[in-house]
Each structure stands twice: as C-alpha cells, then as structure tokens.
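K.L.:
Handing you a structure now.
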Number of protein chains: 2
Amino acid sequence: MFSIAIHGGAGTIARHLLDREKQVAYEAGLNAALDAGYALLEAGGSALDAVTAAVVSLEDCPLFNAGKGSVFNHEGRHEMDASIMRGDTREAGAVAGIQGVKNPVLLAREVMTHSEHVLLSGAGAAAFARRQGLAFMPDDYFYDAFRYQQYQEALSADRVQLDHSASGDRKFSTVGAVALDSKGNLCAATSTGGMTNKKYGRIGDTPVIGAGTYASNATCAVSCTGHGELFLRQVVAHQVHCLMAYKECRLEEACRQVVMTDLVAIGGEGGLIAVDAHGNIAMPFNSEGMYRAWRSSNGYAGVAIHT
Amino acid sequence: MFSIAIHGGAGTIARHLLDREKQVAYEAGLNAALDAGYALLEAGGSALDAVTAAVVSLEDCPLFNAGKGSVFNHEGRHEMDASIMRGDTREAGAVAGIQGVKNPVLLAREVMTHSEHVLLSGAGAAAFARRQGLAFMPDDYFYDAFRYQQYQEALSADRVQLDHSASGDRKFSTVGAVALDSKGNLCAATSTGGMTNKKYGRIGDTPVIGAGTYASNATCAVSCTGHGELFLRQVVAHQVHCLMAYKECRLEEACRQVVMTDLVAIGGEGGLIAVDAHGNIAMPFNSEGMYRAWRSSNGYAGVAIHT
C-alpha cells in the first residue's frame, strides 16, 4: 500500500469567478505534481523523494504561491519558507524568509540532511544554500503580472494580504505534500511564498515543525495551509499526531477535530492534508475550498478545488 | 493558589568547577528573578506580568545567556530569541534573531499584544520594536569578557557551541518562567542569546510556540531549555500539553515522559519547567543540572542547580 496527497492552498477563487479555463489549468498543475510523486512511489521510491518531487513541481508552477509563483513582500521582494519531515527518523529541516532560491523545499531537505540544524533563516539560510550548491534564480524568475497587481493593491491599502485575489477573496496558497511509501515510511513537506505585502520578517506556520508540517511513522504525515498565526498557536500538525498517539483517534477523526472544531473555535481558517501509516488520506478544510489531489495504490484518486 | 517557576538553563558548570562564590551569584540571580515574579502574584497580579518580570530580571543579569548575557554569533554580534504565551486566550508572540533590543521578552509580548502576527524575525522584528518604542542598547551593553573568550575559542575551533564554558562543559542557557496566578490563568515565557558562534540564521526552539514555550489553562504552562534542534523535532512543550489533554497524564508524569524518555531516545539533552492549573510544579532535566528556582503560595519553594 502506498498513497500521496498534495495541496495548492486553502481558500479558493470564488466559484463564480473560477472560469473553466482557469479550473483546467489549476487541475493540470495539481495533477502534474501528483503524478511526479506517485510515479516514484509506484517504482518503489521513498515517501521522502515523492513529497520532494511533488512540492518541487508545485513550486515550479506559477499558479501556486511557492517558489516561482511567490507573492511580493512589503519591499517588493519574494521571501519564501519551506519545511520537510520524515516519519521514520523524525528528522526535519526548514527554512524561513529566504530569497532567490529556486526550490525552497530542496533547501529544507538540505538543512535536514547536511546541517546540524533544523531551522535556518534569512541571509544565513541563503549562504548555506550557496555553500551546498542549490540553484538560485534572478528576481524576474519569480515575477508574475498577477502577483504584482496584488502587491500594488495591497501596498495602496497598506494591508497585509494572505494572497489576495483581485476579486476580494482570500487565499492561503501554501503548497504541500504527504506520502506513505511501500516500506511503510511517511513524509510531509510544505512550501510557501508568504503573504502579499508582509512586513517585519513575519514567519508563519509553514517553516515550523509541529505547526505547518509533521510526520511520525507511528501515526501520520501532515501538511497545513491556512492563516499561519492561528496554525502556529494551535500547533496544528503536531496536534493531529497527538490525537492519534494519545487519544487513539483514527486519522479522519483527528483531522476533523483539529480543523473543523479547534481551529474554527479560534477563527483559524484553512485546512490540511494527511496520510496515515495504513495509507488512509484525510483532507479537511474549513475555508471555501482547498486545491488538492490524491492517489492511493488501492485506486482511490481524484483532484478537487471546492467542496 | 498561585505558583511560579523559573530556569536559567539546563546543563551546568561541572560541580567540581562551581566554586562557592559562583554558586552564590547564580542563586542570587535566580532568587531575584523569582522574587520579582512572585511579588506580583502575591499582590494579585497576573501570570502574564509575573513571567514577564521574572524573564526581564534574568535577561538583565549577565550570568545567564539571554538579554545582557547573550553569547556571540559567528559575526561577533548578539542574536536573541524570545517567546511568550498566555493560557487563557492562547495568544502568543515571539521574535527570532533580533539584535540590540534590551529585553527580547518585552518585544515578544509586544508582538502578541500589538501585532497581527505571532512570530517576527531579524531586521523586520527590530523595526517593529523601534516603532513600538522598545529600549535598545549599544553592542557594548551585551559585551562580557567571559562570553567573548567563549566566542574566540569557538571561532578558532570553528565549532558551534551551545554556550560552552571554558572547562569544556556544555550549557544550554536559555532562561524562562512559568506561572499560575490566583485567577487560575497560566503563562509561559522563554528567552535566549542563542549558541556561541552560530551561523546561517539558525533558529532554535526558544521562539517557536509548541517547541520552547506553550500554555493552555486547560493543562499547563511550559518553558524549555536544551539542545534546540531536538526540542523542535519533539515539539516538546506542546507534547506535555497533549499528554495531559489527551492521555490524561498528571503534570509530573507528562513532563517525565517527554524529558526522561522521549527526548532521551533521540539524544535530546535538556529540561523544562512546568506548572499546571492546580499550581503543581515540575522541573525535570536529563542533563547534569538545570539552574532553577520555584515558589508556590502553599510554601513549596527552593533554588537549585544540580540534581
């Protein structure tokens, strides 16, 4: 048994504004990432490689707020966060507030594998990326006309926007992937381009192990997307793990408790994707929608945006 | 019933090297911080004010690695982290990698109270501090001859040191405080000057809600000190909360499970202080010692360094 699930962010373009052409493009982006990860699992590859490949694919797609599609911060730059955790060793790596790195998830993996640290930030993290030979891209690689318009709108309103669409809808477009491989190993990874017009070196839940990302072979792998501040306070990904480990909840039950009850109680909009050690998948969200796709070796598969 | 516990770091100067004079100085520093917090609780003050006062006192004391006593990073600067969380609203604030701010815990509290964010970092966090009118100090305020010698030793060995004493012993000298006030509210705060010779914008567990600091009136308030990377991976403070919330462990039992079993299993050296909603105090550590002091309205009180 093996399974993979991916997300391209919770909160969506309002249904009436998502024309057929846009929907097809988003679904194609999600399916490409899903296929990249699933092909590796099918060939006997590891959950670690599968979530890495899926997140790299989403980072390279300009439709999603991560890597190439990152939003603009207050200074008109792109500041990205990412994290990864493997469930077998419970080793983890993460980066916060990095600029210019083509694939933040690869840097997070490099931190996990080739540093003595878990979380590196800012210029220091970029220096580590250069030392490890990771690919950098010039600013115009990350430039996108739509994102730039969002940024200008946000600047003129002096408002921090959680990836704000021109229509006035909010999106939390983090990307992420969780997988179970045929050896029984779980892994989770998450990546984001942050909030439009963000200031003060704000760090959300994405690079925080326990909040945005968590994996343990004993329970599950989790990747979150939503209003980062509330996800940090709720320690969302680790709470799913603890409900399974200490309250003996099943995956679906644990995820629903966290997303539909506890997060709702503090106004925390968003969702998560999770897979357990049996290959079960859960993808709850309390926002209008969540870009997502999933596939298990038992044939359970799909792609969806709204409920 | 009200209680407060504080720590000045786990891992200690080896017993045979801690002369009487040094021991008296450390105990005086701990008692001064304890008294600052306890006096507020006794006067009917809040747990929030009590932990703030205690941590400010520890930050202002040059003996402890936080605020004034912060160690040197690779560039010869002081980069500090801090966090605070209140158990009633479960609001939280934290800062990572800040320079020049006299009392990082006050900035963490300012983030919690007067920003829409939970975690701010680097130059951005310092800009926020300036906007809010927090006190800044010049570099020489943080200068300490002993810390500078540690830094030079570490530089010549190109080694990241978790606050390294000249004797070759390691210390994890974070500071922190947890309290229960007479209204039944819990609060936790943690602050650190980081690792000697640290590079790459490394962030440890101290500014991470769930890892270094957590508080919920339903269970407990926790402040950690130890090898930050392992505490991040174990999501230590939140794990104590979850063992109480979901497995119905008592405080002592939950803390022992996390520190003496789960952290030991992954080589995570350190300890924590915790107080529950009944005013019980737990202070387990798996290192040689932990600078700590505690006092409850029922008369339970003390100060200790080694086991």
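Every chain in the structure tokens has a letter given in the order shown (A, B, ...), and although residue numbers restart at 1 in each chain, ligands are simply numbered from 1 in the order shown.
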As a list in words, please: the residues near Ala265 (chain A) (cut-off 12 Å, only C-alpha atoms, same-chain neighbours under 3 positions excluded).
P.N.:
Leu230, Gln234, Gln257, Val258, Val259, Met260, Thr261, Asp262, Gly268, Glu269 and Asn286 of chain A; Thr89 and Arg90 of chain B
K.L.:
Got a sec: who's within 10 Å of region 180-188 of chain B, counting only C-alpha atoms, leaving out chain neighbours fewer than 5 positions off, as a PyMOL selection string?
P.N.:
chain B and resi 1-6+38+40-52+55+83-90+92+212-224+273-281+296-297
K.L.:
Can those selected residues be exported to a file as a compact mmCIF listing (two decimals), in the first residue's frame so that it contains N, CA and C atoms?
P.N.:
```txt
# COMPACT_ATOMS: atom_id res chain seq x y z
N MET B 1 -4.53 29.79 45.28
CA MET B 1 -3.27 29.11 44.96
C MET B 1 -2.58 29.82 43.79
N PHE B 2 -1.30 30.12 43.95
CA PHE B 2 -0.50 30.61 42.82
C PHE B 2 0.91 30.08 42.94
N SER B 3 1.58 29.97 41.80
CA SER B 3 2.92 29.36 41.74
C SER B 3 3.73 30.00 40.64
N ILE B 4 5.04 29.97 40.82
CA ILE B 4 5.95 30.39 39.76
C ILE B 4 7.19 29.52 39.79
N ALA B 5 7.71 29.21 38.61
CA ALA B 5 8.99 28.52 38.50
C ALA B 5 9.79 29.20 37.40
N ILE B 6 11.10 29.25 37.58
CA ILE B 6 11.96 29.87 36.58
C ILE B 6 13.16 28.97 36.31
N TYR B 38 7.17 36.52 41.88
CA TYR B 38 6.31 36.09 42.99
C TYR B 38 5.61 37.27 43.65
N LEU B 40 4.56 39.96 42.35
CA LEU B 40 3.40 40.36 41.55
C LEU B 40 2.24 39.41 41.78
N LEU B 41 2.52 38.10 41.80
CA LEU B 41 1.46 37.11 42.02
C LEU B 41 0.83 37.32 43.40
N GLU B 42 1.67 37.58 44.40
CA GLU B 42 1.21 37.76 45.77
C GLU B 42 0.29 38.98 45.89
N ALA B 43 0.57 40.01 45.07
CA ALA B 43 -0.24 41.22 45.09
C ALA B 43 -1.48 41.09 44.20
N GLY B 44 -1.76 39.85 43.74
CA GLY B 44 -2.94 39.63 42.90
C GLY B 44 -2.70 39.88 41.43
N GLY B 45 -1.44 40.04 41.04
CA GLY B 45 -1.10 40.29 39.64
C GLY B 45 -1.29 39.06 38.77
N SER B 46 -1.14 39.26 37.47
CA SER B 46 -1.39 38.19 36.51
C SER B 46 -0.15 37.34 36.28
N ALA B 47 -0.38 36.09 35.86
CA ALA B 47 0.71 35.20 35.47
C ALA B 47 1.51 35.84 34.33
N LEU B 48 0.81 36.54 33.45
CA LEU B 48 1.47 37.22 32.33
C LEU B 48 2.50 38.24 32.83
N ASP B 49 2.09 39.07 33.78
CA ASP B 49 3.03 40.06 34.34
C ASP B 49 4.14 39.38 35.14
N ALA B 50 3.81 38.30 35.83
CA ALA B 50 4.81 37.62 36.67
C ALA B 50 5.91 36.98 35.82
N VAL B 51 5.54 36.27 34.76
CA VAL B 51 6.60 35.64 33.94
C VAL B 51 7.39 36.71 33.20
N THR B 52 6.72 37.79 32.80
CA THR B 52 7.44 38.88 32.13
C THR B 52 8.50 39.47 33.07
N VAL B 55 11.45 37.00 33.64
CA VAL B 55 12.35 36.85 32.49
C VAL B 55 13.13 38.12 32.24
N SER B 83 9.96 34.17 23.37
CA SER B 83 8.55 33.90 23.10
C SER B 83 7.75 33.96 24.39
N ILE B 84 6.46 34.17 24.24
CA ILE B 84 5.55 34.22 25.38
C ILE B 84 4.18 33.72 24.95
N MET B 85 3.48 33.02 25.84
CA MET B 85 2.14 32.54 25.52
C MET B 85 1.28 32.58 26.78
N ARG B 86 0.06 33.04 26.61
CA ARG B 86 -0.87 33.07 27.75
C ARG B 86 -1.88 31.94 27.59
N GLY B 87 -2.18 31.29 28.71
CA GLY B 87 -3.02 30.10 28.68
C GLY B 87 -4.49 30.37 28.58
N ASP B 88 -4.94 31.58 28.93
CA ASP B 88 -6.38 31.86 28.89
C ASP B 88 -6.86 32.02 27.46
N THR B 89 -6.22 32.90 26.70
CA THR B 89 -6.64 33.15 25.31
C THR B 89 -5.83 32.32 24.32
N ARG B 90 -4.78 31.69 24.81
CA ARG B 90 -3.80 31.02 23.97
C ARG B 90 -3.27 31.94 22.85
N ALA B 92 -0.18 34.30 21.53
CA ALA B 92 1.27 34.09 21.67
C ALA B 92 2.01 35.12 20.84
N GLY B 212 9.51 25.46 22.35
CA GLY B 212 10.16 26.00 23.53
C GLY B 212 9.21 26.55 24.58
N THR B 213 8.01 26.92 24.16
CA THR B 213 7.04 27.60 25.03
C THR B 213 5.62 27.16 24.66
N TYR B 214 4.80 26.89 25.66
CA TYR B 214 3.39 26.62 25.41
C TYR B 214 2.60 26.85 26.68
N ALA B 215 1.36 27.30 26.53
CA ALA B 215 0.50 27.48 27.70
C ALA B 215 -0.96 27.31 27.32
N SER B 216 -1.69 26.57 28.14
CA SER B 216 -3.13 26.43 27.98
C SER B 216 -3.72 26.30 29.37
N ASN B 217 -4.73 27.10 29.68
CA ASN B 217 -5.35 27.00 31.01
C ASN B 217 -5.92 25.61 31.27
N ALA B 218 -6.22 24.87 30.21
CA ALA B 218 -6.79 23.53 30.36
C ALA B 218 -5.78 22.54 30.93
N THR B 219 -4.48 22.83 30.77
CA THR B 219 -3.47 21.86 31.17
C THR B 219 -2.33 22.49 31.96
N CYS B 220 -1.44 23.21 31.27
CA CYS B 220 -0.20 23.64 31.91
C CYS B 220 0.47 24.77 31.13
N ALA B 221 1.52 25.31 31.74
CA ALA B 221 2.42 26.25 31.05
C ALA B 221 3.81 25.65 31.11
N VAL B 222 4.55 25.71 29.98
CA VAL B 222 5.84 25.03 29.86
C VAL B 222 6.87 25.97 29.24
N SER B 223 8.08 25.99 29.80
CA SER B 223 9.22 26.68 29.19
C SER B 223 10.42 25.73 29.17
N CYS B 224 11.04 25.60 27.99
CA CYS B 224 12.09 24.59 27.79
C CYS B 224 13.48 25.19 27.74
N ILE B 273 10.63 23.54 32.66
CA ILE B 273 9.86 23.84 33.86
C ILE B 273 8.40 23.94 33.45
N ALA B 274 7.51 23.49 34.34
CA ALA B 274 6.09 23.50 34.01
C ALA B 274 5.27 23.68 35.27
N VAL B 275 4.12 24.32 35.10
CA VAL B 275 3.18 24.47 36.20
C VAL B 275 1.79 24.14 35.65
N ASP B 276 0.97 23.46 36.46
CA ASP B 276 -0.36 23.12 35.97
C ASP B 276 -1.42 24.02 36.58
N ALA B 277 -2.67 23.78 36.23
CA ALA B 277 -3.77 24.65 36.64
C ALA B 277 -4.06 24.55 38.13
N HIS B 278 -3.48 23.55 38.82
CA HIS B 278 -3.63 23.43 40.27
C HIS B 278 -2.42 24.02 41.01
N GLY B 279 -1.45 24.55 40.28
CA GLY B 279 -0.27 25.13 40.90
C GLY B 279 0.86 24.14 41.15
N ASN B 280 0.68 22.88 40.73
CA ASN B 280 1.79 21.93 40.84
C ASN B 280 2.93 22.35 39.93
N ILE B 281 4.13 22.05 40.36
CA ILE B 281 5.33 22.43 39.60
C ILE B 281 6.13 21.17 39.26
N SER B 296 5.58 28.44 45.54
CA SER B 296 4.12 28.35 45.49
C SER B 296 3.53 29.01 46.74
N SER B 297 2.29 29.44 46.63
CA SER B 297 1.64 30.07 47.78
C SER B 297 1.42 29.08 48.93
```
K.L.:
With only C-alpha atoms considered, list every residue of chain A at most 9 Å from chain B, as number ranges by chain.
P.N.:
A: 85, 90-92, 97, 116-128, 199-204, 208-211, 214, 228-230, 232-235, 238-239, 242-243, 245-248
K.L.:
Name the residues of region 28-108 of chain B that come out as strand (DSSP E or B) in a backbone DSSP run; write them as a list in words.
P.N.:
Met80, Asp81, Ala82, Ser83, Ile84, Met85, Arg86, Ala92, Gly93, Ala94, Val95, Ala96, Gly97, Ile98 and Val101 of chain B
K.L.:
Mind checking which residues fall within 6 Å of Thr174 (chain A), counting only C-alpha atoms, ignoring those fewer than 3 positions away in the same chain, and posting them as a list in words?
P.N.:
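Returned residues: Gly8, Gly9, Asn65, Ser191, Thr192 and Thr225 of chain A.
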K.L.:
Can I get the selected residues back with N, CA, C and O atoms, as a PDB file, in the first residue's frame?
P.N.:
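This is the output file selection38.pdb:
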```pdb
ATOM      1  N   GLY A   8      -2.527  22.791  -2.926  1.00  0.00           N
ATOM      2  CA  GLY A   8      -2.011  24.025  -3.512  1.00  0.00           C
ATOM      3  C   GLY A   8      -2.616  25.225  -2.799  1.00  0.00           C
ATOM      4  O   GLY A   8      -2.739  26.305  -3.359  1.00  0.00           O
ATOM      5  N   GLY A   9      -3.006  25.011  -1.519  1.00  0.00           N
ATOM      6  CA  GLY A   9      -3.530  26.117  -0.729  1.00  0.00           C
ATOM      7  C   GLY A   9      -5.009  25.999  -0.419  1.00  0.00           C
ATOM      8  O   GLY A   9      -5.776  25.449  -1.209  1.00  0.00           O
ATOM      9  N   ASN A  65       1.344  29.806  -4.860  1.00  0.00           N
ATOM     10  CA  ASN A  65       2.164  30.733  -4.082  1.00  0.00           C
ATOM     11  C   ASN A  65       3.285  29.983  -3.349  1.00  0.00           C
ATOM     12  O   ASN A  65       3.217  29.754  -2.139  1.00  0.00           O
ATOM     13  N   SER A 191       5.593  24.320   1.523  1.00  0.00           N
ATOM     14  CA  SER A 191       6.373  25.430   0.971  1.00  0.00           C
ATOM     15  C   SER A 191       5.442  26.596   0.682  1.00  0.00           C
ATOM     16  O   SER A 191       4.288  26.398   0.292  1.00  0.00           O
ATOM     17  N   THR A 192       5.939  27.823   0.894  1.00  0.00           N
ATOM     18  CA  THR A 192       5.082  28.978   0.617  1.00  0.00           C
ATOM     19  C   THR A 192       5.885  30.201   0.213  1.00  0.00           C
ATOM     20  O   THR A 192       7.049  30.347   0.584  1.00  0.00           O
ATOM     21  N   THR A 225      -2.226  24.321   5.428  1.00  0.00           N
ATOM     22  CA  THR A 225      -2.369  25.556   4.664  1.00  0.00           C
ATOM     23  C   THR A 225      -3.478  26.385   5.283  1.00  0.00           C
ATOM     24  O   THR A 225      -4.588  25.902   5.475  1.00  0.00           O
TER      25      THR A 225
END
```
K.L.:
Could you pull out all residues of region 100-167 of chain A with a DSSP call of helix (DSSP H, G or I) and give them as JSON, numbers by chain?
P.N.:
{"A": [104, 105, 106, 107, 108, 109, 110, 111, 112, 113, 114, 122, 123, 124, 125, 126, 127, 128, 129, 130, 131, 139, 140, 141, 142, 145, 146, 147, 148, 149, 150, 151, 152, 153, 154, 155, 156, 157]}
K.L.:
Just the number, please: distance in Å from CA of Gly29 (chain B) to CA of Thr196 (chain B), one decimal.
P.N.:
21.7 Å
K.L.:
With a distance cut-off of 7 Å and only C-alpha atoms, select the neighbouring residues of Pro104 (chain B), excluding the residue or stretch itself and same-chain residues fewer than 5 positions from it, and output the selection as a list in words.
P.N.:
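The residues that qualify are Gly67, Met80, Asp81, Ala82 and Ser191 of chain B.
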